[in-house]
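Containing mmCIF, C-alpha atoms: start08.cif.
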data_entry
#
loop_
_atom_site.label_atom_id
_atom_site.label_comp_id
_atom_site.auth_asym_id
_atom_site.auth_seq_id
_atom_site.Cartn_x
_atom_site.Cartn_y
_atom_site.Cartn_z
CA MET A 11 -21.05 4.75 1.24
CA PRO A 12 -17.66 4.69 -0.50
CA SER A 13 -15.61 1.50 -0.45
CA TRP A 14 -12.56 3.34 0.96
CA PRO A 15 -11.87 5.04 4.28
CA ARG A 16 -12.13 8.82 3.78
CA ASN A 17 -10.33 9.88 6.90
CA GLN A 18 -6.93 8.60 5.83
CA TRP A 19 -3.88 9.89 4.00
CA TYR A 20 -3.51 9.05 0.31
CA VAL A 21 -0.74 9.63 -2.18
CA ALA A 22 -2.03 12.09 -4.76
CA ALA A 23 1.16 12.38 -6.79
CA TYR A 24 4.91 12.16 -6.73
CA SER A 25 6.41 15.46 -5.60
CA SER A 26 8.19 15.62 -8.95
CA GLU A 27 4.84 15.60 -10.77
CA VAL A 28 3.69 18.75 -9.02
CA SER A 29 5.92 21.32 -10.61
CA GLU A 30 5.02 23.92 -13.20
CA GLY A 31 1.44 23.87 -14.35
CA LEU A 32 -1.77 22.28 -13.12
CA LEU A 33 -2.20 18.56 -12.46
CA ALA A 34 -5.63 16.90 -12.35
CA ARG A 35 -6.13 13.85 -10.12
CA THR A 36 -9.36 12.37 -8.82
CA ILE A 37 -8.65 11.00 -5.33
CA CYS A 38 -11.34 9.03 -3.51
CA GLY A 39 -13.99 10.42 -5.83
CA GLU A 40 -12.86 14.04 -5.34
CA PRO A 41 -11.61 15.78 -8.48
CA LEU A 42 -8.52 17.76 -7.44
CA VAL A 43 -6.22 20.23 -9.10
CA LEU A 44 -2.67 20.22 -7.79
CA TYR A 45 0.03 22.84 -8.30
CA ARG A 46 3.12 24.28 -6.70
CA THR A 47 3.42 27.89 -5.64
CA GLN A 48 6.49 29.99 -6.40
CA ASP A 49 7.66 29.57 -2.81
CA GLY A 50 7.53 25.77 -3.23
CA GLU A 51 4.31 24.89 -1.46
CA ALA A 52 2.14 22.11 -2.94
CA VAL A 53 -1.55 23.00 -3.14
CA ALA A 54 -4.64 20.82 -3.70
CA LEU A 55 -7.98 22.46 -4.51
CA ALA A 56 -11.29 21.07 -5.73
CA ASP A 57 -11.10 20.92 -9.50
CA ARG A 58 -14.40 22.69 -10.15
CA CYS A 59 -14.94 26.42 -10.56
CA VAL A 60 -17.64 27.44 -8.12
CA HIS A 61 -19.37 29.36 -10.92
CA ARG A 62 -20.18 26.85 -13.67
CA ARG A 63 -18.05 23.88 -12.63
CA TYR A 64 -15.35 24.33 -15.25
CA PRO A 65 -12.26 22.23 -14.35
CA LEU A 66 -9.64 24.49 -12.83
CA SER A 67 -7.02 22.01 -14.05
CA GLU A 68 -7.90 23.15 -17.59
CA SER A 69 -7.41 26.78 -16.63
CA HIS A 70 -4.46 29.13 -16.17
CA LEU A 71 -1.95 29.47 -13.34
CA LYS A 72 -0.58 32.96 -12.81
CA ASP A 73 1.18 34.38 -9.74
CA ASP A 74 0.14 31.36 -7.63
CA GLN A 75 -3.52 31.93 -8.54
CA ILE A 76 -5.76 29.89 -10.83
CA ILE A 77 -7.77 31.88 -13.35
CA CYS A 78 -10.73 29.83 -14.55
CA GLY A 79 -10.43 29.12 -18.25
CA TYR A 80 -14.15 29.68 -18.79
CA HIS A 81 -15.15 33.03 -17.19
CA GLY A 82 -12.06 34.14 -15.30
CA PHE A 83 -13.00 33.49 -11.68
CA THR A 84 -9.66 33.69 -9.88
CA TYR A 85 -8.67 31.64 -6.83
CA ASP A 86 -5.76 31.92 -4.44
CA ARG A 87 -3.89 28.99 -2.84
CA THR A 88 -6.46 28.69 -0.07
CA GLY A 89 -9.29 28.29 -2.58
CA ALA A 90 -10.73 31.75 -1.91
CA CYS A 91 -12.03 33.60 -4.94
CA VAL A 92 -10.15 36.88 -5.28
CA ALA A 93 -11.61 38.11 -8.56
CA ALA A 94 -14.80 37.58 -10.53
CA PRO A 95 -15.53 39.04 -13.96
CA GLY A 96 -17.13 42.52 -13.85
CA GLN A 97 -17.82 42.25 -10.14
CA LYS A 98 -16.70 44.73 -7.54
CA ARG A 99 -18.04 42.52 -4.79
CA ILE A 100 -16.91 38.90 -4.61
CA PRO A 101 -19.80 36.68 -3.50
CA ARG A 102 -19.12 35.23 -0.07
CA ALA A 103 -19.79 31.70 -1.33
CA ALA A 104 -17.10 32.06 -3.96
CA ARG A 105 -14.59 29.58 -2.62
CA VAL A 106 -13.49 26.13 -3.72
CA PRO A 107 -12.61 23.52 -1.10
CA SER A 108 -8.93 23.20 -0.26
CA PHE A 109 -7.40 19.92 0.90
CA THR A 110 -4.53 19.42 3.34
CA VAL A 111 -1.37 18.16 1.68
CA HIS A 112 1.95 17.03 3.11
CA GLU A 113 5.12 16.19 1.23
CA GLN A 114 7.22 13.35 2.57
CA ASP A 115 9.40 10.57 1.14
CA SER A 116 8.99 11.96 -2.41
CA PHE A 117 5.19 11.83 -2.24
CA VAL A 118 2.47 14.44 -2.10
CA TRP A 119 0.05 13.04 0.47
CA VAL A 120 -3.48 14.43 0.60
CA TRP A 121 -6.22 14.24 3.23
CA ILE A 122 -9.65 14.05 1.62
CA GLY A 123 -11.76 13.53 4.74
CA ASP A 124 -12.68 15.87 7.58
CA GLN A 125 -9.96 18.52 7.32
CA ASP A 126 -9.72 19.15 11.05
CA ARG A 127 -8.69 15.50 11.54
CA ALA A 128 -5.63 15.64 9.25
CA ASP A 129 -2.62 14.65 11.38
CA THR A 130 0.65 14.45 9.45
CA THR A 131 2.28 12.32 12.14
CA GLN A 132 -0.01 9.47 11.08
CA ILE A 133 1.49 9.24 7.57
CA PRO A 134 3.41 5.96 7.17
CA ARG A 135 7.04 6.27 6.06
CA ALA A 136 9.04 4.98 3.12
CA PRO A 137 12.42 6.62 3.75
CA TRP A 138 14.29 4.74 1.01
CA LEU A 139 12.56 6.80 -1.64
CA ALA A 140 14.37 9.99 -0.69
CA SER A 141 17.61 8.51 0.65
CA PRO A 142 21.06 8.97 -0.95
CA ASP A 143 21.80 5.34 -0.01
CA TYR A 144 19.27 4.04 -2.53
CA THR A 145 18.61 4.43 -6.22
CA VAL A 146 14.95 4.49 -7.16
CA VAL A 147 13.01 3.76 -10.34
CA ARG A 148 9.33 4.59 -10.37
CA GLY A 149 6.17 5.01 -12.37
CA MET A 150 2.42 5.27 -12.09
CA GLU A 151 -0.19 3.28 -13.97
CA PRO A 152 -3.89 4.12 -13.86
CA LEU A 153 -5.99 1.00 -13.32
CA LYS A 154 -9.50 0.52 -14.59
CA ALA A 155 -10.11 -1.58 -11.52
CA ARG A 156 -11.20 -0.99 -7.92
CA TYR A 157 -8.39 -0.49 -5.42
CA SER A 158 -9.28 -3.60 -3.40
CA LEU A 159 -8.25 -5.75 -6.36
CA LEU A 160 -4.76 -4.25 -6.23
CA VAL A 161 -4.62 -4.83 -2.48
CA ASP A 162 -5.57 -8.49 -3.01
CA ASN A 163 -2.92 -8.76 -5.70
CA LEU A 164 -0.09 -7.34 -3.62
CA MET A 165 -0.96 -9.15 -0.40
CA ASP A 166 -0.60 -12.55 -2.03
CA LEU A 167 2.70 -12.76 -3.88
CA SER A 168 2.18 -16.39 -4.82
CA HIS A 169 0.67 -14.93 -7.99
CA GLU A 170 4.21 -14.02 -9.05
CA THR A 171 4.82 -17.64 -10.00
CA TYR A 172 1.97 -17.65 -12.51
CA LEU A 173 1.36 -14.09 -13.65
CA HIS A 174 5.00 -12.98 -13.61
CA GLY A 175 6.85 -16.19 -14.49
CA GLY A 176 10.15 -15.41 -16.22
CA TYR A 177 10.41 -12.01 -14.52
CA ILE A 178 10.05 -12.13 -10.73
CA GLY A 179 8.18 -15.41 -10.36
CA THR A 180 9.79 -18.78 -9.66
CA PRO A 181 8.17 -22.02 -8.40
CA GLU A 182 9.32 -21.46 -4.82
CA VAL A 183 7.22 -18.33 -4.32
CA ALA A 184 3.95 -20.23 -4.57
CA GLU A 185 5.33 -23.25 -2.73
CA THR A 186 6.74 -21.56 0.38
CA PRO A 187 4.48 -21.15 3.42
CA ILE A 188 3.96 -17.68 4.84
CA THR A 189 3.74 -16.15 8.26
CA THR A 190 1.21 -13.38 8.77
CA GLU A 191 0.95 -10.84 11.55
CA VAL A 192 -1.60 -8.16 12.22
CA ASP A 193 -1.11 -5.29 14.63
CA GLU A 194 -4.66 -4.57 15.60
CA GLU A 195 -3.94 -1.20 17.20
CA ALA A 196 -1.52 0.20 14.62
CA ASN A 197 -3.47 -1.34 11.72
CA VAL A 198 -0.50 -2.94 10.00
CA VAL A 199 -0.39 -6.30 8.18
CA TYR A 200 2.91 -8.14 7.79
CA VAL A 201 3.32 -11.16 5.51
CA SER A 202 6.65 -12.93 5.50
CA ARG A 203 7.84 -15.50 3.01
CA HIS A 204 11.41 -16.67 3.46
CA MET A 205 12.79 -18.92 0.72
CA ASP A 206 16.11 -20.41 1.81
CA ASP A 207 17.11 -22.11 -1.42
CA ALA A 208 15.35 -20.69 -4.41
CA GLU A 209 15.83 -20.19 -8.11
CA CYS A 210 17.02 -16.66 -8.87
CA PRO A 211 14.52 -14.94 -11.17
CA PRO A 212 15.95 -12.90 -14.06
CA PHE A 213 14.84 -9.67 -12.37
CA TYR A 214 17.37 -10.24 -9.61
CA ALA A 215 19.99 -12.33 -11.45
CA LYS A 216 20.64 -9.59 -13.99
CA SER A 217 20.49 -6.70 -11.54
CA THR A 218 22.63 -8.19 -8.76
CA GLY A 219 24.92 -10.40 -10.81
CA ILE A 220 24.26 -13.33 -8.45
CA GLU A 221 24.68 -16.64 -10.21
CA GLY A 222 23.01 -19.80 -9.01
CA ARG A 223 20.43 -20.28 -6.32
CA ILE A 224 19.59 -17.71 -3.69
CA SER A 225 18.14 -17.06 -0.31
CA ARG A 226 15.13 -14.87 -1.10
CA TRP A 227 13.11 -13.17 1.59
CA GLN A 228 9.92 -11.28 0.95
CA ASP A 229 8.55 -9.30 3.87
CA VAL A 230 5.40 -7.40 3.06
CA GLU A 231 4.37 -4.56 5.34
CA TYR A 232 1.04 -3.03 4.45
CA HIS A 233 -0.20 0.15 6.07
CA PRO A 234 -3.82 0.29 4.93
CA PRO A 235 -5.17 1.88 2.96
CA CYS A 236 -2.45 3.43 0.83
CA LEU A 237 1.13 2.39 1.55
CA TYR A 238 2.51 -1.05 0.70
CA LEU A 239 6.14 -1.96 1.36
CA LEU A 240 7.86 -5.13 0.17
CA HIS A 241 11.23 -5.59 1.85
CA SER A 242 13.07 -7.93 -0.48
CA ARG A 243 16.38 -9.53 0.53
CA ILE A 244 18.46 -11.46 -1.99
CA ALA A 245 21.60 -13.27 -0.86
CA PRO A 246 23.67 -16.36 -1.58
CA VAL A 247 22.14 -19.54 -0.16
CA GLY A 248 23.02 -19.91 3.52
CA SER A 249 23.46 -16.20 4.16
CA VAL A 250 21.50 -14.73 7.03
CA PRO A 251 21.73 -11.17 8.32
CA PRO A 252 24.14 -10.62 11.23
CA ASP A 253 22.59 -9.93 14.60
CA GLU A 254 24.22 -6.52 14.55
CA GLY A 255 25.77 -4.31 11.91
CA PRO A 256 25.13 -4.02 8.20
CA ASP A 257 23.84 -6.96 6.18
CA LYS A 258 26.73 -6.81 3.73
CA ASP A 259 26.28 -10.17 1.99
CA ALA A 260 22.80 -9.34 0.79
CA PHE A 261 21.19 -7.15 -1.83
CA HIS A 262 18.19 -5.21 -0.59
CA VAL A 263 15.35 -4.06 -2.76
CA GLU A 264 12.53 -2.03 -1.29
CA VAL A 265 9.49 -2.32 -3.53
CA VAL A 266 6.91 0.31 -2.67
CA TYR A 267 3.37 0.77 -3.91
CA ALA A 268 0.98 3.59 -3.17
CA ILE A 269 -2.55 2.36 -3.75
CA THR A 270 -4.85 5.31 -4.24
CA PRO A 271 -8.54 4.90 -5.06
CA SER A 272 -9.64 7.31 -7.76
CA THR A 273 -13.23 6.23 -8.34
CA GLU A 274 -15.09 3.07 -7.36
CA HIS A 275 -13.74 1.46 -10.53
CA GLU A 276 -10.39 3.21 -11.03
CA THR A 277 -7.15 3.27 -9.07
CA TYR A 278 -3.77 4.98 -9.24
CA ASP A 279 -1.04 2.36 -9.03
CA PHE A 280 2.14 4.18 -7.96
CA TRP A 281 5.11 1.79 -8.06
CA MET A 282 8.71 2.20 -7.01
CA VAL A 283 11.78 -0.02 -6.78
CA ALA A 284 14.59 1.21 -4.49
CA ARG A 285 17.90 -0.67 -4.35
CA ASP A 286 20.97 -0.40 -2.15
CA PHE A 287 23.46 -1.74 -4.72
CA ALA A 288 24.87 -0.63 -8.07
CA LEU A 289 23.65 2.83 -7.20
CA ASP A 290 25.26 4.57 -10.16
CA ASP A 291 24.93 1.79 -12.71
CA ALA A 292 22.69 3.18 -15.43
CA ASP A 293 22.27 -0.23 -17.05
CA VAL A 294 20.89 -1.70 -13.82
CA THR A 295 18.60 1.30 -13.44
CA GLU A 296 17.31 0.89 -16.98
CA PHE A 297 16.90 -2.87 -16.57
CA LEU A 298 14.92 -2.58 -13.31
CA ALA A 299 12.76 0.24 -14.67
CA THR A 300 11.89 -1.65 -17.84
CA ASN A 301 11.36 -5.00 -16.17
CA ASN A 302 9.30 -3.69 -13.29
CA HIS A 303 7.16 -1.71 -15.71
CA THR A 304 6.54 -4.95 -17.60
CA VAL A 305 5.57 -6.71 -14.37
CA VAL A 306 3.25 -3.87 -13.35
CA MET A 307 1.59 -3.93 -16.78
CA GLN A 308 0.99 -7.67 -16.41
CA ASP A 309 -0.91 -6.84 -13.22
CA VAL A 310 -2.74 -3.95 -14.90
CA VAL A 311 -4.05 -6.20 -17.67
CA ALA A 312 -5.10 -8.88 -15.19
CA LEU A 313 -6.78 -6.47 -12.76
CA ASP A 314 -8.60 -4.52 -15.47
CA LEU A 315 -9.95 -7.86 -16.73
CA LEU A 316 -10.89 -8.89 -13.20
CA GLU A 317 -12.80 -5.64 -12.71
CA THR A 318 -15.05 -6.45 -15.66
CA VAL A 319 -15.67 -9.89 -14.20
CA VAL A 320 -16.48 -8.55 -10.74
CA GLU A 321 -18.78 -5.84 -12.10
CA GLY A 322 -20.69 -8.41 -14.11
CA GLU A 323 -21.09 -11.07 -11.45
CA LYS A 324 -24.19 -11.93 -9.46
CA ASP A 325 -24.69 -10.58 -5.96
CA ASN A 326 -23.24 -12.65 -3.15
CA TYR A 327 -20.79 -14.51 -5.35
CA GLN A 328 -18.84 -16.80 -3.08
CA GLU A 329 -15.05 -16.76 -3.37
CA LEU A 330 -12.81 -19.51 -2.11
CA SER A 331 -9.96 -18.57 0.22
CA ILE A 332 -6.99 -20.77 1.06
CA ASN A 333 -3.82 -20.44 3.12
CA ILE A 334 -2.11 -18.03 0.70
CA ASP A 335 -4.94 -15.57 1.36
CA THR A 336 -4.32 -15.22 5.09
CA GLY A 337 -2.68 -11.79 4.72
CA GLY A 338 -5.12 -10.58 2.09
CA LEU A 339 -8.07 -11.45 4.31
CA ALA A 340 -6.48 -9.52 7.16
CA ALA A 341 -5.98 -6.49 4.90
CA ARG A 342 -9.60 -6.59 3.75
CA ARG A 343 -10.83 -6.69 7.32
CA ILE A 344 -8.71 -3.73 8.40
CA LEU A 345 -9.86 -1.74 5.36
CA LYS A 346 -13.46 -2.45 6.32
CA LYS A 347 -12.78 -1.43 9.90
CA LEU A 348 -11.18 1.86 8.77
CA THR A 349 -13.96 2.53 6.27
CA ASP A 350 -16.68 1.95 8.84
CA ALA A 351 -14.86 4.19 11.33
CA SER A 352 -14.52 6.97 8.73
CA GLU A 353 -18.24 6.87 7.97
CA GLU A 354 -19.16 7.01 11.67
CA VAL A 355 -17.06 10.15 12.11
CA THR A 356 -18.50 11.81 9.04
CA ALA A 357 -22.11 10.88 9.78
CA MET B 19 -2.47 -27.71 20.71
CA SER B 20 -0.43 -30.84 21.30
CA THR B 21 2.62 -30.72 19.04
CA PRO B 22 4.93 -27.75 18.81
CA VAL B 23 4.70 -25.80 15.62
CA ARG B 24 7.72 -25.64 13.37
CA ALA B 25 6.46 -23.33 10.76
CA ASP B 26 8.82 -20.43 10.74
CA LEU B 27 11.71 -21.40 8.61
CA PRO B 28 13.95 -19.54 8.83
CA PRO B 29 12.31 -18.03 11.86
CA PRO B 30 10.66 -14.75 11.08
CA ASN B 31 10.25 -14.20 14.78
CA ARG B 32 8.01 -11.45 15.93
CA MET B 33 7.89 -8.94 13.11
CA LEU B 34 5.47 -6.40 14.52
CA GLY B 35 6.05 -5.00 17.95
CA GLY B 36 2.65 -3.77 19.05
CA ARG B 37 0.76 -5.03 22.07
CA SER B 38 -2.14 -6.48 20.12
CA VAL B 39 -0.44 -8.51 17.42
CA TYR B 40 -2.18 -11.56 16.03
CA ARG B 41 0.10 -14.10 14.37
CA VAL B 42 -0.71 -16.85 11.86
CA VAL B 43 1.94 -19.37 10.96
CA TRP B 44 1.55 -21.81 8.09
CA GLN B 45 2.80 -25.08 9.49
CA LEU B 46 5.54 -26.35 7.24
CA HIS B 47 4.81 -29.32 4.98
CA THR B 48 1.12 -29.28 5.91
CA ASP B 49 -2.01 -27.32 5.03
CA VAL B 50 -2.45 -26.35 8.65
CA LEU B 51 -2.46 -22.74 9.81
CA VAL B 52 -1.70 -22.03 13.43
CA GLY B 53 -3.04 -18.74 14.73
CA TYR B 54 -2.01 -17.07 17.96
CA CYS B 55 -4.11 -14.55 19.75
CA TRP B 56 -2.01 -11.75 21.21
CA CYS B 57 -2.56 -13.35 24.62
CA GLY B 58 -0.56 -16.34 23.38
CA THR B 59 -3.38 -18.86 22.97
CA PRO B 60 -3.01 -20.89 19.75
CA HIS B 61 -5.65 -22.31 17.44
CA GLU B 62 -5.25 -24.59 14.43
CA SER B 63 -7.30 -24.49 11.28
CA VAL B 64 -7.11 -25.34 7.59
CA ASP B 65 -9.46 -22.47 6.73
CA PRO B 66 -8.06 -18.92 7.03
CA ILE B 67 -11.54 -17.40 7.31
CA GLU B 68 -12.48 -19.67 10.20
CA LEU B 69 -9.12 -18.97 11.81
CA TRP B 70 -9.47 -15.18 11.64
CA ASP B 71 -13.00 -15.45 13.05
CA TRP B 72 -11.63 -17.45 15.96
CA LEU B 73 -8.68 -15.11 16.57
CA LEU B 74 -10.73 -11.93 16.48
CA ALA B 75 -13.31 -13.38 18.85
CA HIS B 76 -10.70 -14.65 21.29
CA PRO B 77 -9.96 -11.42 23.20
CA ASP B 78 -13.60 -11.51 24.35
CA THR B 79 -12.68 -14.57 26.40
CA HIS B 80 -9.72 -12.90 28.13
CA SER B 81 -10.02 -12.36 31.82
CA GLY B 82 -8.77 -9.17 33.39
CA THR B 83 -6.03 -10.96 35.32
CA GLU B 84 -3.95 -12.51 32.58
CA THR B 85 -0.31 -12.00 31.88
CA ASP B 86 0.81 -9.00 29.93
CA PRO B 87 0.92 -10.21 26.32
CA ALA B 88 4.36 -8.66 25.91
CA GLU B 89 5.65 -11.18 28.44
CA THR B 90 3.95 -14.15 26.82
CA THR B 91 6.25 -16.45 24.92
CA GLU B 92 4.44 -18.51 22.37
CA GLU B 93 7.36 -19.03 20.05
CA PRO B 94 7.76 -22.70 19.19
#

Whole structure given in structure tokens:
Amino acid sequence: MPSWPRNQWYVAAYSSEVSEGLLARTICGEPLVLYRTQDGEAVALADRCVHRRYPLSESHLKDDQIICGYHGFTYDRTGACVAAPGQKRIPRAARVPSFTVHEQDSFVWVWIGDQDRADTTQIPRAPWLASPDYTVVRGMEPLKARYSLLVDNLMDLSHETYLHGGYIGTPEVAETPITTEVDEEANVVYVSRHMDDAECPPFYAKSTGIEGRISRWQDVEYHPPCLYLLHSRIAPVGSVPPDEGPDKDAFHVEVVYAITPSTEHETYDFWMVARDFALDDADVTEFLATNNHTVVMQDVVALDLLETVVEGEKDNYQELSINIDTGGLAARRILKKLTDASEEVTA
Amino acid sequence: MSTPVRADLPPPNRMLGGRSVYRVVWQLHTDVLVGYCWCGTPHESVDPIELWDWLLAHPDTHSGTETDPAETTEEP
């Protein structure tokens, strides 16, 4: 049984990555080849020729069809084989699985599970990523670590103080109590940490120009399994949003992660930072891109190390959980619930 | 629970709007977590695992005649 829920939507790529050519991604243990047709449709097929398993991603794309780079089996966008070398008759079994994809909010979402259950209305939203009111920097880092380690990492931001000190971490992050909510029907976890009088970390001081101490709110909204939103509000101390109308005194940063399991020990870590200020300031864009990449790489190093520790540990190793883990524990439980439900459907 | 909780500072009041929302507030200046079942019943604990176990088991104790949780006010 896989450690992830199969019957869920996952981000396979940024839309911008699926352009000319063939893109290989293994999503939830399924090797996929992604491409875009001439009429703009994104396609995801199994990345194995039905003949001798050659990766279609290492093949040739011509007229919206993939021609296998080994023996020339040719597949259309639905995965049906339309030509086989020397054959007049195409064997009926000559078809590679095709997976439902949906493009939204600058992502290519894919449904790996039972294809008749794919419902695009269930895809969680991150509208900032494709909004003219925000400027976005983004990247993707492959982790050599299981996806649950990235979920743990992101659900408990107190680690910012220690792992990301000097970038986004300040003492107040680890010292401020959190409020956690779980919507049991919608399967959403919300973790809120509101710091009223906090040191301004360099990440925000240099990008916003705020000098001195700040009101810093972190509101995490996790839609298991894949989409993680961190609504970050930075404002002068004492500023609170008005009951109505725009929150003009504050800077808003929407930090988004897509957490996509690749294999049981590898994960795609898609990261984005969207801001509603200094939209055209190239220096701010460059600063946030560089700094957030540094922060993400600090996590990558830590999580890759943690994976080796977890793989090598004895069965039934007992962790210790404390108050900061309240949201992370809730996320783990919902992931288990979704995973169990997916297996029941498939069985 | 005897004393009112003053943990939300500034108050992140209800953040999620669903019917079945569990809430856990870390009581300020203490190590105490206060959990609320979506029916409004609170429970204190210093162990988040014990607290989640309690919260998730609590709906089993609900009777069929209780107040609609949307009308319950458990804000401190």

May I have a table of the residues of chain A lying at most 7 Å from chain B, giving each one's closest pair of atoms and their distance in Å to one decimal, counting only C-alpha atoms, ordered by chain and ascending residue number, as CSV?
residue,atom,partner,partner_atom,distance
A:Pro187,CA,B:Trp44,CA,5.6
A:Ile188,CA,B:Trp44,CA,5.8
A:Thr189,CA,B:Val43,CA,4.6
A:Thr190,CA,B:Val42,CA,5.0
A:Glu191,CA,B:Arg41,CA,4.4
A:Val192,CA,B:Tyr40,CA,5.1
A:Asp193,CA,B:Val39,CA,4.3
A:Glu194,CA,B:Ser38,CA,5.5
A:Glu195,CA,B:Ser38,CA,6.3
A:His204,CA,B:Pro28,CA,6.6
A:Ile332,CA,B:Pro66,CA,6.3
A:Asn333,CA,B:Pro66,CA,6.0
A:Thr336,CA,B:Pro66,CA,5.6

Exercise. Excluding same-chain residues fewer than 3 positions from A:Asp290, what lies within 12 Å of it counting all atoms listed in the file, as a list in words?
Worked result: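 Once the adjacent positions are removed, what remains is Pro142, Asp143, Tyr144, Thr145, Val146, Arg285, Asp286, Phe287, Asp293, Val294, Thr295 and Glu296 of chain A.
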
Expected file: the selected residues, C-alpha atoms, as a tab-separated table (two decimals), in the frame of the given file:
chain	number	residue	atom	x	y	z
A	142	PRO	CA	21.06	8.97	-0.95
A	143	ASP	CA	21.80	5.34	-0.01
A	144	TYR	CA	19.27	4.04	-2.53
A	145	THR	CA	18.61	4.43	-6.22
A	146	VAL	CA	14.95	4.49	-7.16
A	285	ARG	CA	17.90	-0.67	-4.35
A	286	ASP	CA	20.97	-0.40	-2.15
A	287	PHE	CA	23.46	-1.74	-4.72
A	293	ASP	CA	22.27	-0.23	-17.05
A	294	VAL	CA	20.89	-1.70	-13.82
A	295	THR	CA	18.60	1.30	-13.44
A	296	GLU	CA	17.31	0.89	-16.98

Exercise. If we count only C-alpha atoms, what is near A:Asp124 at a cut-off of 10 Å, once residues fewer than 2 positions away on the same chain are taken out, given as a count of residues only?
Worked result: 13

Exercise. Between A:Val111, A:Leu345, A:Ala340, A:Ala93, which one has atoms that come closest to B:Leu73, using only C-alpha atoms?
Worked result: A:Ala340

Nearby residues, (-12.9, 20.0, -8.1) file frame, 7 Å, all atoms listed in the file, as a PDB file with C-alpha atoms, in the coordinates of the input:
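So part-v7.pdb came out as:
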ATOM      1  CA  GLU A  40     -12.860  14.040  -5.340  1.00  0.00           C
ATOM      2  CA  PRO A  41     -11.610  15.780  -8.480  1.00  0.00           C
ATOM      3  CA  LEU A  42      -8.520  17.760  -7.440  1.00  0.00           C
ATOM      4  CA  VAL A  43      -6.220  20.230  -9.100  1.00  0.00           C
ATOM      5  CA  LEU A  55      -7.980  22.460  -4.510  1.00  0.00           C
ATOM      6  CA  ALA A  56     -11.290  21.070  -5.730  1.00  0.00           C
ATOM      7  CA  ASP A  57     -11.100  20.920  -9.500  1.00  0.00           C
ATOM      8  CA  ARG A  58     -14.400  22.690 -10.150  1.00  0.00           C
ATOM      9  CA  PRO A  65     -12.260  22.230 -14.350  1.00  0.00           C
TER      10      PRO A  65
END

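Between atom CA of A:Pro271 and atom CA of A:Leu173 there is a distance of 23.1 Å.
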